[in-house]
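> My structure file upload-v4.tsv, TSV, C-alpha atoms (C1' of nucleotides), is below:
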```tsv
chain	number	residue	atom	x	y	z
X	15	MET	CA	13.72	-19.73	22.88
X	16	THR	CA	11.05	-17.61	24.50
X	17	GLU	CA	10.57	-14.08	23.25
X	18	VAL	CA	12.21	-11.61	25.55
X	19	THR	CA	10.28	-8.52	24.57
X	20	ASP	CA	10.53	-5.56	26.88
X	21	PRO	CA	7.06	-4.69	28.18
X	22	LEU	CA	7.53	-1.03	27.26
X	23	ASP	CA	8.38	-2.00	23.68
X	24	GLN	CA	5.18	-3.99	23.53
X	25	GLN	CA	3.17	-1.08	24.89
X	26	VAL	CA	4.65	1.30	22.35
X	27	TRP	CA	3.85	-1.17	19.60
X	28	ASN	CA	0.24	-1.39	20.76
X	29	PHE	CA	0.04	2.38	21.02
X	30	VAL	CA	1.29	2.90	17.49
X	31	TYR	CA	-0.98	0.13	16.23
X	32	ALA	CA	-4.02	1.76	17.81
X	33	TYR	CA	-3.00	5.17	16.50
X	34	ASP	CA	-2.56	3.97	12.93
X	35	ALA	CA	-5.82	2.06	13.00
X	36	ALA	CA	-7.69	5.10	14.34
X	37	TYR	CA	-6.26	7.34	11.64
X	38	GLY	CA	-7.14	4.83	8.95
X	39	ARG	CA	-10.72	4.66	10.20
X	40	ALA	CA	-10.99	8.45	10.30
X	41	ALA	CA	-9.79	8.75	6.72
X	42	GLN	CA	-12.04	5.96	5.55
X	43	ALA	CA	-15.02	7.59	7.24
X	44	VAL	CA	-14.76	10.47	4.76
X	45	GLY	CA	-13.89	8.25	1.80
X	46	LEU	CA	-10.13	8.75	1.75
X	47	SER	CA	-7.19	6.43	2.18
X	48	ALA	CA	-4.75	7.18	4.97
X	49	ALA	CA	-2.16	8.30	2.43
X	50	GLN	CA	-4.60	10.72	0.80
X	51	ALA	CA	-5.69	12.16	4.14
X	52	CYS	CA	-2.07	12.55	5.15
X	53	LEU	CA	-1.19	14.42	1.98
X	54	LEU	CA	-4.21	16.67	2.37
X	55	GLU	CA	-3.20	17.46	5.92
X	56	HIS	CA	0.28	18.41	4.79
X	57	LEU	CA	-1.28	21.02	2.50
X	58	THR	CA	-3.34	22.73	5.19
X	59	GLY	CA	-0.26	24.68	6.19
X	60	GLY	CA	0.07	26.12	2.69
X	61	GLY	CA	0.81	25.03	-0.86
X	62	ARG	CA	3.70	22.74	-1.76
X	63	SER	CA	5.40	21.68	-4.96
X	64	MET	CA	5.16	18.03	-5.98
X	65	GLY	CA	8.81	17.55	-5.13
X	66	GLU	CA	8.46	19.04	-1.68
X	67	LEU	CA	5.57	16.71	-0.98
X	68	ALA	CA	7.62	13.70	-2.06
X	69	VAL	CA	10.34	14.68	0.41
X	70	GLU	CA	7.92	15.30	3.26
X	71	LEU	CA	5.99	12.10	2.66
X	72	LEU	CA	9.19	10.09	2.24
X	73	CYS	CA	8.09	8.59	-1.04
X	74	ASP	CA	8.76	8.61	-4.75
X	75	ALA	CA	7.75	11.61	-6.84
X	76	SER	CA	5.66	9.46	-9.13
X	77	ASN	CA	3.68	8.28	-6.14
X	78	VAL	CA	2.85	11.91	-5.36
X	79	THR	CA	1.74	12.37	-8.96
X	80	GLN	CA	-0.83	9.62	-8.55
X	81	LEU	CA	-2.03	10.66	-5.10
X	82	VAL	CA	-2.47	14.25	-6.24
X	83	SER	CA	-4.23	13.11	-9.41
X	84	ARG	CA	-6.80	11.18	-7.41
X	85	LEU	CA	-7.36	14.06	-5.01
X	86	GLU	CA	-7.54	16.51	-7.91
X	87	ALA	CA	-10.15	14.34	-9.62
X	88	ARG	CA	-12.30	14.80	-6.53
X	89	GLY	CA	-11.71	18.53	-6.47
X	90	LEU	CA	-9.87	18.45	-3.15
X	91	VAL	CA	-6.59	19.88	-4.43
X	92	ALA	CA	-5.51	21.91	-7.46
X	93	ARG	CA	-2.31	21.83	-9.49
X	94	VAL	CA	-1.13	25.36	-10.17
X	95	PRO	CA	1.81	25.87	-12.53
X	96	ASP	CA	4.51	27.98	-10.93
X	97	PRO	CA	4.96	31.17	-13.00
X	98	ALA	CA	8.60	31.51	-11.95
X	99	ASP	CA	9.58	27.98	-13.01
X	100	ARG	CA	7.26	26.35	-15.48
X	101	ARG	CA	8.56	22.88	-14.61
X	102	VAL	CA	7.14	22.93	-11.12
X	103	LYS	CA	3.50	22.42	-10.19
X	104	ARG	CA	2.37	23.82	-6.91
X	105	VAL	CA	-0.35	21.86	-5.21
X	106	SER	CA	-2.87	23.79	-3.17
X	107	ILE	CA	-5.84	22.62	-1.19
X	108	THR	CA	-9.29	23.72	-2.30
X	109	ALA	CA	-12.18	24.81	-0.11
X	110	ALA	CA	-13.69	21.34	-0.48
X	111	GLY	CA	-10.32	19.88	0.44
X	112	HIS	CA	-10.23	21.95	3.59
X	113	ARG	CA	-13.67	20.74	4.57
X	114	VAL	CA	-12.70	17.11	4.03
X	115	SER	CA	-9.44	17.54	5.88
X	116	HIS	CA	-11.23	19.04	8.86
X	117	ALA	CA	-13.71	16.18	8.75
X	118	VAL	CA	-10.83	13.72	9.03
X	119	ARG	CA	-9.51	15.60	12.04
X	120	ARG	CA	-12.88	15.55	13.66
X	121	ALA	CA	-13.29	11.84	12.97
X	122	PHE	CA	-9.79	11.11	14.27
X	123	ASP	CA	-10.72	10.40	17.83
X	124	PHE	CA	-7.41	9.05	19.09
X	125	PRO	CA	-6.03	12.31	20.52
X	126	SER	CA	-9.23	13.19	22.34
X	127	GLU	CA	-10.22	9.64	23.32
X	128	ARG	CA	-6.81	8.44	24.41
X	129	LEU	CA	-4.50	11.35	25.05
X	130	GLY	CA	-7.46	13.21	26.47
X	131	ARG	CA	-7.48	10.84	29.43
X	132	LEU	CA	-4.24	12.29	30.67
X	133	THR	CA	-4.14	15.20	33.06
X	134	GLU	CA	-2.41	18.39	32.06
X	135	HIS	CA	0.57	17.38	34.13
X	136	GLU	CA	0.73	13.97	32.50
X	137	ARG	CA	0.46	15.47	29.04
X	138	ARG	CA	3.42	17.68	29.78
X	139	GLN	CA	5.35	14.68	31.07
X	140	LEU	CA	4.55	12.71	27.93
X	141	SER	CA	5.55	15.64	25.78
X	142	GLU	CA	8.94	15.82	27.46
X	143	LEU	CA	9.53	12.09	27.15
X	144	LEU	CA	8.66	12.10	23.45
X	145	ALA	CA	10.83	15.14	22.87
X	146	LYS	CA	13.77	13.39	24.47
X	147	ALA	CA	13.21	10.22	22.45
X	148	LEU	CA	12.78	12.06	19.17
X	149	ALA	CA	15.48	14.69	19.57
X	150	PRO	CA	17.78	14.77	16.53
X	151	GLY	CA	21.19	13.23	16.75
V	23	MET	CA	-8.33	29.66	9.69
V	24	THR	CA	-4.99	28.75	11.13
V	25	GLU	CA	-4.47	25.20	12.26
V	26	VAL	CA	-4.88	24.88	15.99
V	27	THR	CA	-2.99	21.65	16.50
V	28	ASP	CA	-2.03	20.82	20.03
V	29	PRO	CA	1.76	20.50	20.26
V	30	LEU	CA	1.48	17.13	22.00
V	31	ASP	CA	-0.71	15.80	19.19
V	32	GLN	CA	1.94	16.86	16.73
V	33	GLN	CA	4.66	15.15	18.75
V	34	VAL	CA	2.69	11.95	18.95
V	35	TRP	CA	2.12	12.10	15.19
V	36	ASN	CA	5.85	12.49	14.59
V	37	PHE	CA	6.62	9.70	17.02
V	38	VAL	CA	4.26	7.28	15.29
V	39	TYR	CA	5.54	8.38	11.89
V	40	ALA	CA	9.14	7.69	12.91
V	41	TYR	CA	8.17	4.37	14.45
V	42	ASP	CA	6.33	3.16	11.35
V	43	ALA	CA	9.13	4.27	9.07
V	44	ALA	CA	11.73	2.50	11.19
V	45	TYR	CA	9.74	-0.71	11.19
V	46	GLY	CA	9.26	-0.55	7.44
V	47	ARG	CA	13.00	-0.09	6.93
V	48	ALA	CA	13.78	-3.00	9.24
V	49	ALA	CA	11.43	-5.30	7.33
V	50	GLN	CA	12.73	-4.13	3.99
V	51	ALA	CA	16.29	-4.76	5.11
V	52	VAL	CA	15.54	-8.47	5.22
V	53	GLY	CA	13.40	-8.46	2.09
V	54	LEU	CA	9.97	-8.40	3.70
V	55	SER	CA	7.09	-5.96	3.64
V	56	ALA	CA	5.95	-4.50	6.94
V	57	ALA	CA	2.80	-6.62	6.80
V	58	GLN	CA	4.78	-9.81	6.26
V	59	ALA	CA	7.18	-9.02	9.10
V	60	CYS	CA	4.23	-8.22	11.34
V	61	LEU	CA	2.53	-11.51	10.58
V	62	LEU	CA	5.75	-13.40	11.17
V	63	GLU	CA	6.20	-11.70	14.51
V	64	HIS	CA	2.69	-12.69	15.56
V	65	LEU	CA	3.66	-16.31	15.00
V	66	THR	CA	6.75	-16.26	17.20
V	67	GLY	CA	4.52	-16.75	20.22
V	68	GLY	CA	3.14	-19.95	18.75
V	69	GLY	CA	1.04	-21.20	15.85
V	70	ARG	CA	-2.24	-19.61	14.87
V	71	SER	CA	-5.09	-20.52	12.60
V	72	MET	CA	-5.73	-18.35	9.55
V	73	GLY	CA	-8.87	-16.98	11.14
V	74	GLU	CA	-7.10	-16.03	14.36
V	75	LEU	CA	-4.47	-14.20	12.35
V	76	ALA	CA	-7.16	-12.27	10.48
V	77	VAL	CA	-8.66	-11.14	13.79
V	78	GLU	CA	-5.31	-10.18	15.30
V	79	LEU	CA	-4.15	-8.34	12.19
V	80	LEU	CA	-7.51	-6.60	11.80
V	81	CYS	CA	-7.87	-7.59	8.18
V	82	ASP	CA	-9.82	-9.79	5.84
V	83	ALA	CA	-9.26	-13.57	5.89
V	84	SER	CA	-8.43	-13.57	2.20
V	85	ASN	CA	-5.67	-11.09	2.86
V	86	VAL	CA	-4.17	-13.53	5.35
V	87	THR	CA	-4.37	-16.24	2.71
V	88	GLN	CA	-2.20	-14.20	0.39
V	89	LEU	CA	0.29	-13.06	3.03
V	90	VAL	CA	0.73	-16.61	4.27
V	91	SER	CA	1.07	-17.91	0.71
V	92	ARG	CA	3.92	-15.52	0.00
V	93	LEU	CA	5.67	-16.35	3.26
V	94	GLU	CA	5.10	-20.05	2.67
V	95	ALA	CA	6.62	-19.77	-0.80
V	96	ARG	CA	9.78	-18.49	0.88
V	97	GLY	CA	9.74	-21.26	3.43
V	98	LEU	CA	9.22	-18.91	6.35
V	99	VAL	CA	5.93	-20.38	7.54
V	100	ALA	CA	4.10	-23.68	7.05
V	101	ARG	CA	0.41	-24.44	6.73
V	102	VAL	CA	-0.46	-27.44	8.88
V	103	PRO	CA	-3.97	-28.90	8.62
V	104	ASP	CA	-5.58	-29.19	12.03
V	105	PRO	CA	-6.31	-32.86	12.73
V	106	ALA	CA	-9.22	-31.99	15.01
V	107	ASP	CA	-10.99	-29.79	12.43
V	108	ARG	CA	-9.93	-30.38	8.88
V	109	ARG	CA	-11.28	-27.01	7.75
V	110	VAL	CA	-8.74	-25.05	9.72
V	111	LYS	CA	-5.13	-24.55	8.72
V	112	ARG	CA	-2.72	-23.78	11.49
V	113	VAL	CA	0.14	-21.57	10.46
V	114	SER	CA	3.46	-22.17	12.18
V	115	ILE	CA	6.75	-20.39	11.76
V	116	THR	CA	9.68	-22.41	10.42
V	117	ALA	CA	13.28	-22.27	11.58
V	118	ALA	CA	14.10	-20.01	8.63
V	119	GLY	CA	11.13	-17.87	9.59
V	120	HIS	CA	12.45	-17.52	13.11
V	121	ARG	CA	15.82	-16.42	11.81
V	122	VAL	CA	14.24	-13.81	9.54
V	123	SER	CA	11.94	-12.60	12.28
V	124	HIS	CA	14.86	-12.15	14.64
V	125	ALA	CA	16.75	-10.32	11.92
V	126	VAL	CA	13.87	-7.86	11.64
V	127	ARG	CA	13.95	-7.30	15.37
V	128	ARG	CA	17.65	-6.70	15.28
V	129	ALA	CA	17.30	-4.28	12.36
V	130	PHE	CA	14.42	-2.49	14.08
V	131	ASP	CA	16.46	0.14	15.83
V	132	PHE	CA	13.66	2.37	17.09
V	133	PRO	CA	13.32	0.87	20.57
V	134	SER	CA	17.04	0.88	21.25
V	135	GLU	CA	17.86	4.13	19.42
V	136	ARG	CA	14.93	6.15	20.67
V	137	LEU	CA	13.39	4.58	23.74
V	138	GLY	CA	16.87	3.61	24.84
V	139	ARG	CA	17.63	7.26	25.46
V	140	LEU	CA	15.28	7.31	28.39
V	141	THR	CA	16.41	6.50	31.88
V	142	GLU	CA	14.85	3.61	33.72
V	143	HIS	CA	12.70	6.05	35.66
V	144	GLU	CA	11.54	7.74	32.47
V	145	ARG	CA	10.76	4.42	30.85
V	146	ARG	CA	8.54	3.53	33.78
V	147	GLN	CA	6.85	6.92	33.54
V	148	LEU	CA	6.21	6.42	29.84
V	149	SER	CA	4.89	2.95	30.46
V	150	GLU	CA	2.39	4.25	32.96
V	151	LEU	CA	1.26	7.06	30.68
V	152	LEU	CA	0.72	4.69	27.75
V	153	ALA	CA	-1.10	2.22	29.98
V	154	LYS	CA	-3.48	4.94	31.09
V	155	ALA	CA	-4.08	6.12	27.53
V	156	LEU	CA	-4.63	2.62	26.18
V	157	ALA	CA	-6.64	1.17	29.03
V	158	PRO	CA	-9.84	-0.46	27.75
V	159	GLY	CA	-13.14	1.30	28.14
C	29	DC	C1'	22.66	32.03	-29.23
C	30	DA	C1'	23.22	26.95	-29.31
C	31	DC	C1'	24.29	23.16	-26.67
C	32	DC	C1'	24.30	20.12	-22.53
C	33	DG	C1'	23.45	18.64	-18.17
C	34	DA	C1'	20.41	18.90	-14.39
C	35	DT	C1'	15.76	19.37	-12.58
C	36	DA	C1'	10.56	18.64	-12.11
C	37	DC	C1'	7.17	16.15	-13.29
C	38	DC	C1'	4.63	12.40	-15.86
C	39	DT	C1'	3.86	7.68	-17.86
C	40	DG	C1'	3.94	2.74	-17.90
C	41	DA	C1'	4.93	-1.61	-15.95
C	42	DG	C1'	5.07	-4.29	-12.09
C	43	DT	C1'	4.45	-5.89	-7.04
C	44	DG	C1'	2.17	-6.05	-2.73
C	45	DA	C1'	-1.70	-4.82	0.50
C	46	DG	C1'	-6.23	-4.80	1.10
C	47	DT	C1'	-11.41	-5.49	0.24
C	48	DC	C1'	-15.49	-7.88	-1.41
C	49	DA	C1'	-18.21	-11.58	-3.57
C	50	DA	C1'	-18.51	-16.11	-4.67
C	51	DG	C1'	-16.85	-20.82	-4.29
C	52	DT	C1'	-15.49	-25.36	-1.89
C	53	DA	C1'	-14.93	-28.43	1.84
C	54	DA	C1'	-15.71	-29.78	6.50
C	55	DT	C1'	-18.46	-29.43	10.66
C	56	DC	C1'	-22.54	-28.82	13.39
C	57	DT	C1'	-27.45	-29.14	14.32
C	58	DC	C1'	-31.87	-31.04	14.32
I	23	DG	C1'	-28.90	-37.25	6.56
I	24	DA	C1'	-30.41	-32.46	4.81
I	25	DG	C1'	-29.30	-27.79	5.63
I	26	DA	C1'	-27.11	-24.06	7.84
I	27	DT	C1'	-22.58	-22.54	9.47
I	28	DT	C1'	-17.67	-22.13	9.53
I	29	DA	C1'	-12.80	-21.90	7.55
I	30	DC	C1'	-10.40	-21.07	4.03
I	31	DT	C1'	-9.49	-20.08	-1.02
I	32	DT	C1'	-10.12	-17.84	-5.50
I	33	DG	C1'	-10.97	-14.10	-8.63
I	34	DA	C1'	-11.71	-9.41	-9.64
I	35	DC	C1'	-10.76	-5.04	-8.29
I	36	DT	C1'	-8.60	-0.59	-6.19
I	37	DC	C1'	-4.93	1.77	-4.17
I	38	DA	C1'	-0.04	2.54	-2.59
I	39	DC	C1'	4.35	2.29	-3.87
I	40	DT	C1'	8.67	1.71	-6.66
I	41	DC	C1'	11.58	1.83	-10.68
I	42	DA	C1'	12.84	2.88	-15.47
I	43	DG	C1'	12.28	5.76	-18.99
I	44	DG	C1'	10.19	9.96	-21.25
I	45	DT	C1'	9.27	15.16	-21.89
I	46	DA	C1'	9.65	19.89	-20.91
I	47	DT	C1'	12.06	23.50	-18.69
I	48	DC	C1'	15.92	25.79	-16.57
I	49	DG	C1'	20.90	27.01	-16.02
I	50	DG	C1'	25.38	27.42	-17.27
I	51	DT	C1'	29.33	27.34	-20.86
I	52	DG	C1'	31.32	27.94	-25.17
```
Take the structure in the file and give it back as C-alpha cells.

Amino acid sequence: MTEVTDPLDQQVWNFVYAYDAAYGRAAQAVGLSAAQACLLEHLTGGGRSMGELAVELLCDASNVTQLVSRLEARGLVARVPDPADRRVKRVSITAAGHRVSHAVRRAFDFPSERLGRLTEHERRQLSELLAKALAPG
Amino acid sequence: MTEVTDPLDQQVWNFVYAYDAAYGRAAQAVGLSAAQACLLEHLTGGGRSMGELAVELLCDASNVTQLVSRLEARGLVARVPDPADRRVKRVSITAAGHRVSHAVRRAFDFPSERLGRLTEHERRQLSELLAKALAPG
DNA sequence: CACCGATACCTGAGTGAGTCAAGTAATCTC
DNA sequence: GAGATTACTTGACTCACTCAGGTATCGGTG
C-alpha cells in the first residue's frame, strides 16, 4: 500500500539528485553537456585512447567517437594517431580544453557549497562511510 | 598543473556515479529509461498534474508530455482530465505501473548492496551528515 | 610472405531525453 | 464578454546513447 521508503534512502536520492543537477548546471554554464564535461575531466589526468575512454565512461565506443568529435570541433581535445599502433587514436586535451575544464570545476559549486558545510571531522567521517559503502566485493 | 582534487570530492563523485549507474541498470532491467522510472516513482505517492511533474523533475513541460505519452502507451500511467479545471491533466499510476515501479525498486540494489553494509549507527551518522549538507539556505 | 582472425575505430540508422517556440483550449479578470 | 493568463500539446531541433555493419591495422600460423 503505502511506500515504505527508508528515510536514509530518500536522503541519498536527494543528495545524488542535487549533485547531478549541480554538475549539469556547471557544464551548461560553459556551454558543455554533462557528458562532454565528464569526458574532458577524464582527460585532465593525461591522454587516453578512444577504447580506454569507452571503458571508463561505461559506454559504447561509437558514443565516444561522437563525443570526441564534438569536442574536437571546438578545439578542446585533439585526436593523435598512436605511432606504435596505427589503429588507435589517442585523445589529448588542448590548452583551451584545460581552461574550459577548469571553468567547469570552478562553476561546480556542490563540493564547496554543500560538502564545505561539514567540519574537518565530519568530512573524515563521511569519507570513511563512503569508503565502506563503496569498497569492492 | 597537477589536479588538486580533494579525496572526499573524488569519493563523492564515485559514489554518485555508482548510484546513477545502478539506477539506470535497474530501470533498464524492466525495460524503462531512468527518466521514465523516475517519473513513475514520483507518482507512487499519488497523482500529479503535468505541471507539477515538470516542476518536480526540473524539466520542461513538453518533456513531461512525451514521457507521460510513452508510459501511457504502455499502460503504466493514465491521463485523467481534472473536473475542476479542464485544462489540467492529472497523471495517475495504473496497477501495471505500480508493479513495474516496484520491480525497479527491487532491481535497484544500491541501497541494500551498498548502504546495507553500514551498521545502524553508521547509517544514522550518514543521515545526519547528508542532512547538514543538504539543509536549505 | 600470404592469409585469417582479432582489434580499434568510424559510419549510419534508430530511439529517447531534453529544450524552445508556437499553437490550442480553458480559466480568470475587469 | 474581450483580453490576458495558464496548462498542456505539437513540431523542429540537438545531443546522448546503442547496435549493426564497415574499414584499416595488427598478430599469429602455415
> Using all atoms listed in the file, what does the table of chain V residues within 9 Å of chain I look like, with each row giving the shortest atom pair and its distance in Å to one decimal, sorted by chain and ascending number, as JSON lines?

```
{"residue": "V:Met72", "atom": "CA", "partner": "I:DC30", "partner_atom": "C1'", "distance": 7.7}
{"residue": "V:Gly73", "atom": "CA", "partner": "I:DA29", "partner_atom": "C1'", "distance": 7.2}
{"residue": "V:Ala83", "atom": "CA", "partner": "I:DC30", "partner_atom": "C1'", "distance": 7.8}
{"residue": "V:Ser84", "atom": "CA", "partner": "I:DT31", "partner_atom": "C1'", "distance": 7.3}
{"residue": "V:Thr87", "atom": "CA", "partner": "I:DT31", "partner_atom": "C1'", "distance": 7.4}
{"residue": "V:Arg109", "atom": "CA", "partner": "I:DA29", "partner_atom": "C1'", "distance": 5.3}
{"residue": "V:Val110", "atom": "CA", "partner": "I:DA29", "partner_atom": "C1'", "distance": 5.6}
{"residue": "V:Lys111", "atom": "CA", "partner": "I:DC30", "partner_atom": "C1'", "distance": 7.9}
```
> Could the residues in this selection be written to a file with C-alpha atoms, as a short mmCIF file (atom, residue, chain, number, x, y, z; two decimals), in the frame of the given file?

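File written: result_38.cif
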```
data_model
loop_
_atom_site.label_atom_id
_atom_site.label_comp_id
_atom_site.auth_asym_id
_atom_site.auth_seq_id
_atom_site.Cartn_x
_atom_site.Cartn_y
_atom_site.Cartn_z
CA MET V 72 -5.73 -18.35 9.55
CA GLY V 73 -8.87 -16.98 11.14
CA ALA V 83 -9.26 -13.57 5.89
CA SER V 84 -8.43 -13.57 2.20
CA THR V 87 -4.37 -16.24 2.71
CA ARG V 109 -11.28 -27.01 7.75
CA VAL V 110 -8.74 -25.05 9.72
CA LYS V 111 -5.13 -24.55 8.72
#
```
> Taking only C-alpha atoms (C1' of nucleotides) into account and nothing else, which residues of chain V lie no more than 8 Å away from chain C? Please answer as a ChimeraX atom specification.
/V:57,81-82,85,107-109
> Could you give me, as a ChimeraX atom specification, the residues that have an atom at most 9 Å away from the point (2.1, -26.7, 7.7) in the coordinates of the file, using only C-alpha atoms (C1' of nucleotides)?
/V:94,99-103,111-115
> Quick one: which residues from chain V are at most 10 Å off chain X, using all atoms listed in the file, as a VMD selection string?
chain V and resid 23 to 25 27 to 43 66 to 67 79 to 80 124 127 132 to 140 144 to 158
> Here's a check: after a least-squares fit over all in-order C-alpha atoms, write chain X in the frame of chain V, as a CSV table (one decimal) with C-alpha atoms, in the coordinates of the input.

```csv
chain,number,residue,atom,x,y,z
X,15,MET,CA,-8.3,29.8,9.6
X,16,THR,CA,-4.9,28.8,11.1
X,17,GLU,CA,-4.5,25.2,12.2
X,18,VAL,CA,-4.9,24.9,16.0
X,19,THR,CA,-3.0,21.7,16.5
X,20,ASP,CA,-2.0,20.8,20.0
X,21,PRO,CA,1.8,20.5,20.2
X,22,LEU,CA,1.5,17.2,22.0
X,23,ASP,CA,-0.7,15.8,19.2
X,24,GLN,CA,1.9,16.9,16.7
X,25,GLN,CA,4.6,15.2,18.7
X,26,VAL,CA,2.7,12.0,18.9
X,27,TRP,CA,2.1,12.1,15.2
X,28,ASN,CA,5.8,12.5,14.6
X,29,PHE,CA,6.6,9.7,17.0
X,30,VAL,CA,4.3,7.3,15.3
X,31,TYR,CA,5.5,8.4,11.9
X,32,ALA,CA,9.1,7.7,12.9
X,33,TYR,CA,8.2,4.4,14.5
X,34,ASP,CA,6.3,3.2,11.4
X,35,ALA,CA,9.1,4.3,9.1
X,36,ALA,CA,11.7,2.5,11.2
X,37,TYR,CA,9.7,-0.7,11.2
X,38,GLY,CA,9.3,-0.5,7.5
X,39,ARG,CA,13.0,-0.1,7.0
X,40,ALA,CA,13.8,-3.0,9.3
X,41,ALA,CA,11.4,-5.3,7.4
X,42,GLN,CA,12.7,-4.1,4.0
X,43,ALA,CA,16.3,-4.7,5.1
X,44,VAL,CA,15.5,-8.5,5.3
X,45,GLY,CA,13.4,-8.5,2.1
X,46,LEU,CA,10.0,-8.4,3.8
X,47,SER,CA,7.1,-6.0,3.7
X,48,ALA,CA,5.9,-4.5,7.0
X,49,ALA,CA,2.8,-6.6,6.8
X,50,GLN,CA,4.8,-9.8,6.3
X,51,ALA,CA,7.1,-9.0,9.1
X,52,CYS,CA,4.2,-8.2,11.4
X,53,LEU,CA,2.5,-11.5,10.6
X,54,LEU,CA,5.7,-13.4,11.2
X,55,GLU,CA,6.2,-11.7,14.5
X,56,HIS,CA,2.7,-12.7,15.6
X,57,LEU,CA,3.6,-16.3,15.0
X,58,THR,CA,6.7,-16.3,17.2
X,59,GLY,CA,4.5,-16.8,20.2
X,60,GLY,CA,3.1,-20.0,18.7
X,61,GLY,CA,1.0,-21.3,15.8
X,62,ARG,CA,-2.3,-19.7,14.8
X,63,SER,CA,-5.1,-20.6,12.5
X,64,MET,CA,-5.7,-18.4,9.5
X,65,GLY,CA,-8.9,-17.1,11.1
X,66,GLU,CA,-7.1,-16.1,14.3
X,67,LEU,CA,-4.5,-14.3,12.4
X,68,ALA,CA,-7.2,-12.3,10.5
X,69,VAL,CA,-8.7,-11.2,13.8
X,70,GLU,CA,-5.3,-10.3,15.3
X,71,LEU,CA,-4.2,-8.4,12.2
X,72,LEU,CA,-7.6,-6.7,11.8
X,73,CYS,CA,-7.9,-7.7,8.2
X,74,ASP,CA,-9.9,-9.9,5.9
X,75,ALA,CA,-9.3,-13.6,5.9
X,76,SER,CA,-8.4,-13.6,2.2
X,77,ASN,CA,-5.7,-11.1,2.9
X,78,VAL,CA,-4.2,-13.6,5.3
X,79,THR,CA,-4.4,-16.3,2.7
X,80,GLN,CA,-2.2,-14.2,0.4
X,81,LEU,CA,0.3,-13.1,3.0
X,82,VAL,CA,0.7,-16.6,4.3
X,83,SER,CA,1.1,-17.9,0.7
X,84,ARG,CA,3.9,-15.5,0.0
X,85,LEU,CA,5.7,-16.3,3.3
X,86,GLU,CA,5.1,-20.0,2.7
X,87,ALA,CA,6.6,-19.7,-0.8
X,88,ARG,CA,9.8,-18.5,0.9
X,89,GLY,CA,9.8,-21.3,3.4
X,90,LEU,CA,9.2,-18.9,6.4
X,91,VAL,CA,5.9,-20.4,7.5
X,92,ALA,CA,4.1,-23.7,7.0
X,93,ARG,CA,0.4,-24.5,6.7
X,94,VAL,CA,-0.5,-27.5,8.8
X,95,PRO,CA,-4.0,-29.0,8.5
X,96,ASP,CA,-5.6,-29.3,11.9
X,97,PRO,CA,-6.3,-33.0,12.6
X,98,ALA,CA,-9.3,-32.1,14.8
X,99,ASP,CA,-11.0,-29.9,12.3
X,100,ARG,CA,-10.0,-30.5,8.7
X,101,ARG,CA,-11.3,-27.1,7.6
X,102,VAL,CA,-8.8,-25.1,9.6
X,103,LYS,CA,-5.1,-24.6,8.6
X,104,ARG,CA,-2.7,-23.8,11.4
X,105,VAL,CA,0.1,-21.6,10.4
X,106,SER,CA,3.4,-22.2,12.1
X,107,ILE,CA,6.7,-20.4,11.7
X,108,THR,CA,9.7,-22.4,10.4
X,109,ALA,CA,13.3,-22.3,11.6
X,110,ALA,CA,14.1,-20.0,8.6
X,111,GLY,CA,11.1,-17.9,9.6
X,112,HIS,CA,12.4,-17.5,13.1
X,113,ARG,CA,15.8,-16.4,11.8
X,114,VAL,CA,14.2,-13.8,9.6
X,115,SER,CA,11.9,-12.6,12.3
X,116,HIS,CA,14.9,-12.2,14.7
X,117,ALA,CA,16.7,-10.3,12.0
X,118,VAL,CA,13.9,-7.9,11.7
X,119,ARG,CA,14.0,-7.3,15.4
X,120,ARG,CA,17.6,-6.7,15.3
X,121,ALA,CA,17.3,-4.3,12.4
X,122,PHE,CA,14.4,-2.5,14.1
X,123,ASP,CA,16.5,0.1,15.9
X,124,PHE,CA,13.7,2.4,17.1
X,125,PRO,CA,13.3,0.9,20.6
X,126,SER,CA,17.1,0.9,21.3
X,127,GLU,CA,17.9,4.2,19.4
X,128,ARG,CA,14.9,6.2,20.7
X,129,LEU,CA,13.4,4.6,23.7
X,130,GLY,CA,16.9,3.7,24.8
X,131,ARG,CA,17.7,7.3,25.4
X,132,LEU,CA,15.3,7.4,28.4
X,133,THR,CA,16.4,6.6,31.9
X,134,GLU,CA,14.9,3.7,33.7
X,135,HIS,CA,12.8,6.2,35.6
X,136,GLU,CA,11.6,7.8,32.5
X,137,ARG,CA,10.8,4.5,30.9
X,138,ARG,CA,8.6,3.6,33.8
X,139,GLN,CA,6.9,7.0,33.5
X,140,LEU,CA,6.3,6.5,29.8
X,141,SER,CA,4.9,3.0,30.5
X,142,GLU,CA,2.4,4.4,33.0
X,143,LEU,CA,1.3,7.1,30.7
X,144,LEU,CA,0.8,4.8,27.8
X,145,ALA,CA,-1.0,2.3,30.0
X,146,LYS,CA,-3.4,5.0,31.1
X,147,ALA,CA,-4.0,6.2,27.6
X,148,LEU,CA,-4.6,2.7,26.2
X,149,ALA,CA,-6.6,1.2,29.1
X,150,PRO,CA,-9.8,-0.4,27.8
X,151,GLY,CA,-13.1,1.4,28.3
```
> Quote the spacing between CA of Arg121 in chain V and CA of Ala44 in chain V in Å to one decimal place.
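So the answer is 19.4 Å.
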> In Å to one decimal, how far is CA of Arg120 in chain X from CA of Leu53 in chain X?
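Separating CA of Leu53 in chain X from CA of Arg120 in chain X is a distance of 16.6 Å.
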> Quote the spacing between CA of Pro97 in chain X and CA of Ala51 in chain X in Å to one decimal place.
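Result for CA of Pro97 in chain X versus CA of Ala51 in chain X: 27.7 Å, one decimal.
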